[in-house]
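Enquirer: This is final04.cif (mmCIF, C-alpha atoms).
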```cif
data_coords
loop_
_atom_site.group_PDB
_atom_site.id
_atom_site.type_symbol
_atom_site.label_atom_id
_atom_site.label_comp_id
_atom_site.auth_asym_id
_atom_site.auth_seq_id
_atom_site.Cartn_x
_atom_site.Cartn_y
_atom_site.Cartn_z
ATOM 1 C CA MET A 1 25.833 -0.224 13.636
ATOM 2 C CA LYS A 2 25.035 -3.362 11.675
ATOM 3 C CA GLN A 3 22.181 -4.637 9.603
ATOM 4 C CA HIS A 4 19.021 -5.909 11.251
ATOM 5 C CA PRO A 5 19.995 -9.244 12.841
ATOM 6 C CA THR A 6 17.453 -11.233 10.847
ATOM 7 C CA GLY A 7 18.099 -9.357 7.604
ATOM 8 C CA PRO A 8 15.390 -7.810 5.425
ATOM 9 C CA ARG A 9 12.178 -9.756 4.868
ATOM 10 C CA ILE A 10 9.281 -8.561 2.704
ATOM 11 C CA LEU A 11 5.545 -8.969 3.253
ATOM 12 C CA ALA A 12 3.544 -8.413 0.043
ATOM 13 C CA ILE A 13 -0.166 -7.685 0.476
ATOM 14 C CA GLN A 14 -2.100 -9.203 -2.415
ATOM 15 C CA HIS A 15 -5.641 -8.342 -3.541
ATOM 16 C CA ALA A 16 -6.106 -10.617 -6.580
ATOM 17 C CA ASP A 17 -4.489 -13.703 -8.111
ATOM 18 C CA CYS A 18 -3.286 -11.768 -11.159
ATOM 19 C CA GLU A 19 -1.696 -9.006 -9.039
ATOM 20 C CA ASN A 20 1.611 -10.214 -7.609
ATOM 21 C CA LEU A 21 5.164 -8.969 -7.137
ATOM 22 C CA GLY A 22 5.919 -9.751 -10.776
ATOM 23 C CA TYR A 23 9.372 -8.556 -11.778
ATOM 24 C CA PHE A 24 10.032 -7.503 -8.173
ATOM 25 C CA GLU A 25 10.087 -11.238 -7.362
ATOM 26 C CA THR A 26 12.971 -11.681 -9.799
ATOM 27 C CA VAL A 27 14.903 -8.836 -8.191
ATOM 28 C CA LEU A 28 14.265 -10.065 -4.651
ATOM 29 C CA ARG A 29 15.393 -13.598 -5.551
ATOM 30 C CA GLN A 30 18.579 -12.189 -7.107
ATOM 31 C CA LEU A 31 19.205 -10.223 -3.920
ATOM 32 C CA LYS A 32 18.404 -13.365 -1.844
ATOM 33 C CA ILE A 33 15.786 -11.458 0.134
ATOM 34 C CA PRO A 34 12.905 -13.626 1.403
ATOM 35 C CA PHE A 35 9.315 -12.572 0.884
ATOM 36 C CA ASP A 36 5.823 -13.807 1.747
ATOM 37 C CA TYR A 37 2.357 -13.022 0.444
ATOM 38 C CA LEU A 38 -0.689 -12.098 2.498
ATOM 39 C CA ASP A 39 -3.832 -12.437 0.364
ATOM 40 C CA VAL A 40 -6.253 -10.212 2.243
ATOM 41 C CA SER A 41 -8.949 -10.665 -0.423
ATOM 42 C CA SER A 42 -9.238 -14.358 0.466
ATOM 43 C CA GLY A 43 -9.550 -13.595 4.174
ATOM 44 C CA GLU A 44 -5.928 -14.174 5.207
ATOM 45 C CA THR A 45 -4.991 -12.201 8.307
ATOM 46 C CA PHE A 46 -2.559 -12.383 11.174
ATOM 47 C CA PRO A 47 -2.080 -10.393 14.385
ATOM 48 C CA LEU A 48 -0.939 -6.823 13.759
ATOM 49 C CA THR A 49 2.624 -7.341 14.903
ATOM 50 C CA LEU A 50 4.665 -7.619 11.684
ATOM 51 C CA ASN A 51 7.531 -8.732 13.923
ATOM 52 C CA ASN A 52 9.042 -10.972 11.244
ATOM 53 C CA TYR A 53 9.021 -8.307 8.521
ATOM 54 C CA THR A 54 11.145 -5.279 7.787
ATOM 55 C CA HIS A 55 9.326 -4.139 4.632
ATOM 56 C CA LEU A 56 5.796 -4.017 3.257
ATOM 57 C CA ILE A 57 4.823 -3.923 -0.434
ATOM 58 C CA ILE A 58 1.120 -3.281 -1.048
ATOM 59 C CA LEU A 59 0.064 -4.446 -4.497
ATOM 60 C CA GLY A 60 -2.706 -3.390 -6.874
ATOM 61 C CA GLY A 61 -6.229 -4.684 -7.333
ATOM 62 C CA PHE A 62 -9.431 -4.121 -9.304
ATOM 63 C CA MET A 63 -11.348 -2.835 -6.282
ATOM 64 C CA SER A 64 -11.319 0.761 -5.008
ATOM 65 C CA ALA A 65 -9.855 2.003 -1.741
ATOM 66 C CA TYR A 66 -13.253 3.481 -0.788
ATOM 67 C CA GLN A 67 -15.236 0.235 -1.314
ATOM 68 C CA GLU A 68 -15.081 -0.958 2.287
ATOM 69 C CA ARG A 69 -18.769 -1.931 2.225
ATOM 70 C CA GLU A 70 -18.199 -4.268 -0.732
ATOM 71 C CA TYR A 71 -14.799 -5.460 0.522
ATOM 72 C CA PRO A 72 -14.808 -5.363 4.352
ATOM 73 C CA TRP A 73 -11.224 -6.667 4.546
ATOM 74 C CA LEU A 74 -10.054 -3.229 3.341
ATOM 75 C CA ARG A 75 -10.629 -2.008 6.916
ATOM 76 C CA TYR A 76 -8.233 -4.650 8.226
ATOM 77 C CA GLU A 77 -5.689 -3.699 5.592
ATOM 78 C CA CYS A 78 -5.874 -0.017 6.499
ATOM 79 C CA ASP A 79 -5.270 -0.979 10.143
ATOM 80 C CA LEU A 80 -2.241 -2.995 9.036
ATOM 81 C CA ILE A 81 -0.863 -0.057 7.036
ATOM 82 C CA GLU A 82 -1.408 2.289 9.972
ATOM 83 C CA TYR A 83 0.445 -0.117 12.243
ATOM 84 C CA ALA A 84 3.324 -0.378 9.749
ATOM 85 C CA LEU A 85 3.523 3.426 9.612
ATOM 86 C CA GLU A 86 3.693 3.577 13.412
ATOM 87 C CA ARG A 87 6.452 0.943 13.411
ATOM 88 C CA GLU A 88 8.352 2.935 10.721
ATOM 89 C CA ILE A 89 8.521 -0.117 8.474
ATOM 90 C CA GLY A 90 9.625 0.566 4.892
ATOM 91 C CA ILE A 91 6.512 0.636 2.683
ATOM 92 C CA VAL A 92 5.879 0.759 -1.053
ATOM 93 C CA GLY A 93 2.305 0.943 -2.351
ATOM 94 C CA ILE A 94 1.494 0.270 -6.009
ATOM 95 C CA CYS A 95 -1.721 1.554 -7.631
ATOM 96 C CA LEU A 96 -4.420 0.453 -5.144
ATOM 97 C CA GLY A 97 -1.614 0.143 -2.589
ATOM 98 C CA ALA A 98 -0.630 3.791 -3.091
ATOM 99 C CA GLN A 99 -4.267 4.848 -2.821
ATOM 100 C CA LEU A 100 -4.679 2.934 0.447
ATOM 101 C CA ILE A 101 -1.570 4.571 1.911
ATOM 102 C CA ALA A 102 -2.901 7.978 0.875
ATOM 103 C CA LYS A 103 -6.250 7.152 2.496
ATOM 104 C CA VAL A 104 -4.634 6.058 5.772
ATOM 105 C CA LEU A 105 -2.649 9.330 5.742
ATOM 106 C CA GLY A 106 -5.914 11.279 5.538
ATOM 107 C CA ALA A 107 -6.077 12.057 1.812
ATOM 108 C CA SER A 108 -9.117 11.587 -0.397
ATOM 109 C CA VAL A 109 -9.326 8.743 -2.937
ATOM 110 C CA GLN A 110 -11.917 9.029 -5.693
ATOM 111 C CA LYS A 111 -12.854 8.001 -9.200
ATOM 112 C CA GLY A 112 -10.697 9.884 -11.678
ATOM 113 C CA ASP A 113 -12.595 12.713 -13.359
ATOM 114 C CA ARG A 114 -10.378 12.546 -16.474
ATOM 115 C CA GLY A 115 -11.025 8.908 -17.282
ATOM 116 C CA SER A 116 -8.951 5.763 -16.927
ATOM 117 C CA GLU A 117 -5.250 5.410 -17.668
ATOM 118 C CA ILE A 118 -4.680 1.946 -19.104
ATOM 119 C CA GLY A 119 -1.514 1.293 -21.084
ATOM 120 C CA TRP A 120 1.844 2.996 -21.470
ATOM 121 C CA TYR A 121 1.711 6.717 -20.650
ATOM 122 C CA ASP A 122 4.279 9.492 -20.365
ATOM 123 C CA LEU A 123 5.313 10.175 -16.806
ATOM 124 C CA VAL A 124 7.243 13.285 -15.751
ATOM 125 C CA LEU A 125 9.289 13.315 -12.568
ATOM 126 C CA THR A 126 9.242 16.396 -10.359
ATOM 127 C CA PRO A 127 12.404 18.275 -9.341
ATOM 128 C CA GLU A 128 12.005 16.677 -5.891
ATOM 129 C CA ALA A 129 12.385 13.239 -7.465
ATOM 130 C CA GLN A 130 15.954 14.157 -8.448
ATOM 131 C CA GLN A 131 16.794 14.097 -4.732
ATOM 132 C CA ASP A 132 14.717 11.028 -3.902
ATOM 133 C CA PRO A 133 16.827 7.981 -2.942
ATOM 134 C CA LEU A 134 14.639 5.601 -4.974
ATOM 135 C CA LEU A 135 13.900 7.714 -8.061
ATOM 136 C CA LYS A 136 16.941 9.952 -8.445
ATOM 137 C CA GLU A 137 18.475 7.737 -11.156
ATOM 138 C CA PHE A 138 15.252 7.594 -13.196
ATOM 139 C CA PRO A 139 15.016 9.701 -16.370
ATOM 140 C CA GLN A 140 13.055 12.932 -15.977
ATOM 141 C CA GLN A 141 10.471 11.626 -18.453
ATOM 142 C CA LEU A 142 9.599 7.970 -19.063
ATOM 143 C CA LYS A 143 6.919 5.636 -20.352
ATOM 144 C CA ALA A 144 5.153 3.906 -17.454
ATOM 145 C CA LEU A 145 2.534 1.166 -17.396
ATOM 146 C CA GLN A 146 -0.737 2.456 -15.955
ATOM 147 C CA TRP A 147 -3.887 0.501 -15.120
ATOM 148 C CA HIS A 148 -6.287 2.546 -13.019
ATOM 149 C CA GLY A 149 -9.510 4.511 -12.981
ATOM 150 C CA ASP A 150 -9.210 6.034 -9.489
ATOM 151 C CA THR A 151 -6.912 8.778 -8.277
ATOM 152 C CA PHE A 152 -5.947 10.305 -4.931
ATOM 153 C CA ASP A 153 -5.081 13.643 -3.370
ATOM 154 C CA LEU A 154 -1.534 14.176 -2.169
ATOM 155 C CA PRO A 155 -1.359 13.391 1.564
ATOM 156 C CA GLU A 156 -0.418 16.235 3.878
ATOM 157 C CA ASN A 157 3.376 16.461 4.352
ATOM 158 C CA ALA A 158 3.987 14.076 1.422
ATOM 159 C CA VAL A 159 6.304 14.997 -1.462
ATOM 160 C CA ARG A 160 5.008 14.652 -5.024
ATOM 161 C CA LEU A 161 7.538 12.776 -7.165
ATOM 162 C CA ALA A 162 5.825 12.233 -10.529
ATOM 163 C CA SER A 163 2.831 13.371 -12.599
ATOM 164 C CA SER A 164 1.129 12.519 -15.883
ATOM 165 C CA SER A 165 -0.883 14.716 -18.230
ATOM 166 C CA LYS A 166 -4.107 13.255 -16.800
ATOM 167 C CA TYR A 167 -3.351 12.949 -13.097
ATOM 168 C CA GLU A 168 -0.986 15.072 -11.067
ATOM 169 C CA ASN A 169 -0.336 12.543 -8.315
ATOM 170 C CA GLN A 170 1.536 9.590 -9.811
ATOM 171 C CA ALA A 171 4.165 9.033 -7.125
ATOM 172 C CA PHE A 172 4.860 10.397 -3.661
ATOM 173 C CA ARG A 173 7.136 9.914 -0.682
ATOM 174 C CA TYR A 174 5.993 10.290 2.901
ATOM 175 C CA GLY A 175 8.821 10.762 5.380
ATOM 176 C CA ASP A 176 11.880 8.738 4.468
ATOM 177 C CA ARG A 177 10.426 5.216 4.520
ATOM 178 C CA VAL A 178 7.133 5.288 2.576
ATOM 179 C CA TRP A 179 6.502 5.526 -1.188
ATOM 180 C CA GLY A 180 3.328 5.378 -3.235
ATOM 181 C CA LEU A 181 3.342 4.655 -6.976
ATOM 182 C CA GLN A 182 0.184 4.995 -9.067
ATOM 183 C CA PHE A 183 1.931 3.253 -11.976
ATOM 184 C CA HIS A 184 2.944 -0.428 -12.129
ATOM 185 C CA LEU A 185 6.724 -0.709 -11.888
ATOM 186 C CA GLU A 186 6.440 -4.423 -11.027
ATOM 187 C CA VAL A 187 4.893 -5.627 -14.299
ATOM 188 C CA THR A 188 6.086 -8.408 -16.565
ATOM 189 C CA GLU A 189 4.876 -9.227 -20.061
ATOM 190 C CA ASP A 190 2.894 -12.166 -18.674
ATOM 191 C CA ILE A 191 1.151 -9.994 -16.079
ATOM 192 C CA ILE A 192 0.129 -7.415 -18.681
ATOM 193 C CA GLN A 193 -1.274 -10.153 -20.909
ATOM 194 C CA ARG A 194 -3.298 -11.594 -18.023
ATOM 195 C CA TRP A 195 -4.681 -8.145 -17.197
ATOM 196 C CA LEU A 196 -5.763 -7.673 -20.802
ATOM 197 C CA VAL A 197 -7.548 -11.027 -20.833
ATOM 198 C CA ASN A 198 -9.195 -10.449 -17.443
ATOM 199 C CA HIS A 199 -10.319 -6.933 -18.370
ATOM 200 C CA ASN A 200 -11.840 -7.987 -21.681
ATOM 201 C CA GLN A 201 -13.607 -10.961 -20.077
ATOM 202 C CA ARG A 202 -15.213 -8.720 -17.445
ATOM 203 C CA HIS A 203 -16.329 -5.890 -19.758
ATOM 204 C CA PRO A 204 -18.746 -5.655 -22.693
ATOM 205 C CA VAL A 205 -17.301 -5.178 -26.182
ATOM 206 C CA PRO A 206 -17.469 -1.338 -26.238
ATOM 207 C CA GLN A 207 -15.295 -1.196 -23.096
ATOM 208 C CA GLN A 208 -12.767 -3.826 -24.134
ATOM 209 C CA ILE A 209 -9.114 -2.922 -24.743
ATOM 210 C CA PRO A 210 -7.491 -3.763 -28.098
ATOM 211 C CA PRO A 211 -4.514 -5.920 -27.036
ATOM 212 C CA TYR A 212 -2.107 -5.193 -29.890
ATOM 213 C CA PRO A 213 -1.218 -1.528 -29.123
ATOM 214 C CA ILE A 214 -0.405 -2.358 -25.489
ATOM 215 C CA GLN A 215 1.508 -5.498 -26.478
ATOM 216 C CA LYS A 216 3.552 -3.528 -29.030
ATOM 217 C CA ALA A 217 4.311 -0.753 -26.517
ATOM 218 C CA THR A 218 5.238 -3.380 -23.919
ATOM 219 C CA SER A 219 7.851 -4.920 -26.216
ATOM 220 C CA LYS A 220 9.365 -1.470 -26.733
ATOM 221 C CA ASN A 221 9.228 -0.079 -23.186
ATOM 222 C CA LEU A 222 9.381 -3.006 -20.761
ATOM 223 C CA PRO A 223 13.171 -3.751 -20.829
ATOM 224 C CA LYS A 224 14.079 -0.200 -19.787
ATOM 225 C CA PHE A 225 11.218 -0.133 -17.285
ATOM 226 C CA GLN A 226 12.532 -3.286 -15.620
ATOM 227 C CA THR A 227 16.008 -1.772 -15.358
ATOM 228 C CA MET A 228 14.396 1.020 -13.334
ATOM 229 C CA ALA A 229 12.536 -1.579 -11.238
ATOM 230 C CA ASP A 230 15.910 -3.144 -10.368
ATOM 231 C CA ARG A 231 17.251 0.167 -9.088
ATOM 232 C CA PHE A 232 14.048 0.990 -7.249
ATOM 233 C CA ILE A 233 13.886 -2.237 -5.234
ATOM 234 C CA GLU A 234 17.620 -2.332 -4.524
ATOM 235 C CA GLN A 235 17.492 1.215 -3.163
ATOM 236 C CA PHE A 236 14.265 0.577 -1.259
ATOM 237 C CA ILE A 237 15.936 -2.276 0.603
ATOM 238 C CA ALA A 238 19.188 -0.356 1.080
ATOM 239 C CA VAL A 239 17.724 2.826 2.561
ATOM 240 C CA THR A 240 14.918 1.346 4.671
ATOM 241 C CA THR A 241 16.370 -1.823 6.228
ATOM 242 C CA PRO A 242 16.501 -1.202 9.979
ATOM 243 C CA VAL A 243 19.756 -1.491 11.861
ATOM 244 C CA SER A 244 20.481 -3.261 15.105
ATOM 245 C CA GLN A 245 21.469 -1.196 18.090
ATOM 246 C CA SER A 246 23.951 -3.853 19.132
ATOM 247 C CA SER A 247 27.559 -3.595 18.034
#
```
Any chance you could put this one into structure tokens?
Expert:
Amino acid sequence: MKQHPTGPRILAIQHADCENLGYFETVLRQLKIPFDYLDVSSGETFPLTLNNYTHLIILGGFMSAYQEREYPWLRYECDLIEYALEREIGIVGICLGAQLIAKVLGASVQKGDRGSEIGWYDLVLTPEAQQDPLLKEFPQQLKALQWHGDTFDLPENAVRLASSSKYENQAFRYGDRVWGLQFHLEVTEDIIQRWLVNHNQRHPVPQQIPPYPIQKATSKNLPKFQTMADRFIEQFIAVTTPVSQSS
């Protein structure tokens, strides 16, 4: 058996200008793995073939997975995810991306009843994560960057991989080719700063986020977090790149 004849190629589904592959871009460039963006929020679509792609990364966004009336393109995206699942393409969903995967798999997505998680929070990995090919080298407890107000139920037949004190479902694996992460493993310092600015511009003063505590925690936690992002993406590519049947 040998690697897929065209090699791995990533399609990243984007929902907002300030939500991109971030540090994952750095890792993919180091690995010399090509990637493209599909900005579904701006109306970009293509036929549901995905023939040129071996992997799908579904990024975050400020909208909710259940807001199809406000954002009709979410229906198209769910169709695309369903097609990728049928094709057994390697998939990672981040925040909104994880919620959309859960929704396509039949789980409920709803507003979190314990409030938002915005900032660096403790994350605890489950015993199952110690056997997971992408998370097995992560520490059992870590600080992770969160930025969400919604949560999701664990899809049927999925394996829970991480929890926080507020929300039980922080990471899951479905089968051996699909992962959902509620937290933002892809972040850079620049991305976090842009999110702070965008959030505070959109919300009245009582709902604004003081930047300094998050900035201080970012300086402390981000280097180790990015080391874990390196391992995660390298393993994601390694264990999910299809092989050619030719010798």
Enquirer: Rounded to one decimal in Å, what is the spacing between atom CA of Val92 of chain A and atom CA of Leu181 of chain A?
Expert: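 If I compute the distance from atom CA of Val92 of chain A to atom CA of Leu181 of chain A, I get 7.5 Å.
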Enquirer: Just checking: using all atoms listed in the file, which residue out of A:Asp150, A:Glu25, A:Glu128, A:Glu88 ends up closest to Leu185 of chain A?
Expert: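 Nearest candidate to Leu185 of chain A out of A:Asp150, A:Glu25, A:Glu128, A:Glu88: A:Glu25.
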Enquirer: For this structure, which residues satisfy the selection - the PyMOL selection byres ((chain A and resi 209) around 12) - when it is evaluated on the file as given? I want them as a ChimeraX atom specification.
Expert: /A:116-119,147,192-193,195-208,210-215
Enquirer: Quick check, in Å to one decimal: how far apart do atom CA of Gln99 of chain A and atom CA of Val239 of chain A lie?
Expert: 22.7 Å
Enquirer: Mind checking which residues fall within 9 Å of Val187 of chain A, counting all atoms listed in the file, ignoring those fewer than 6 positions away in the same chain, and posting them as a ChimeraX atom specification?
Expert: /A:20-24,145,222,225-226
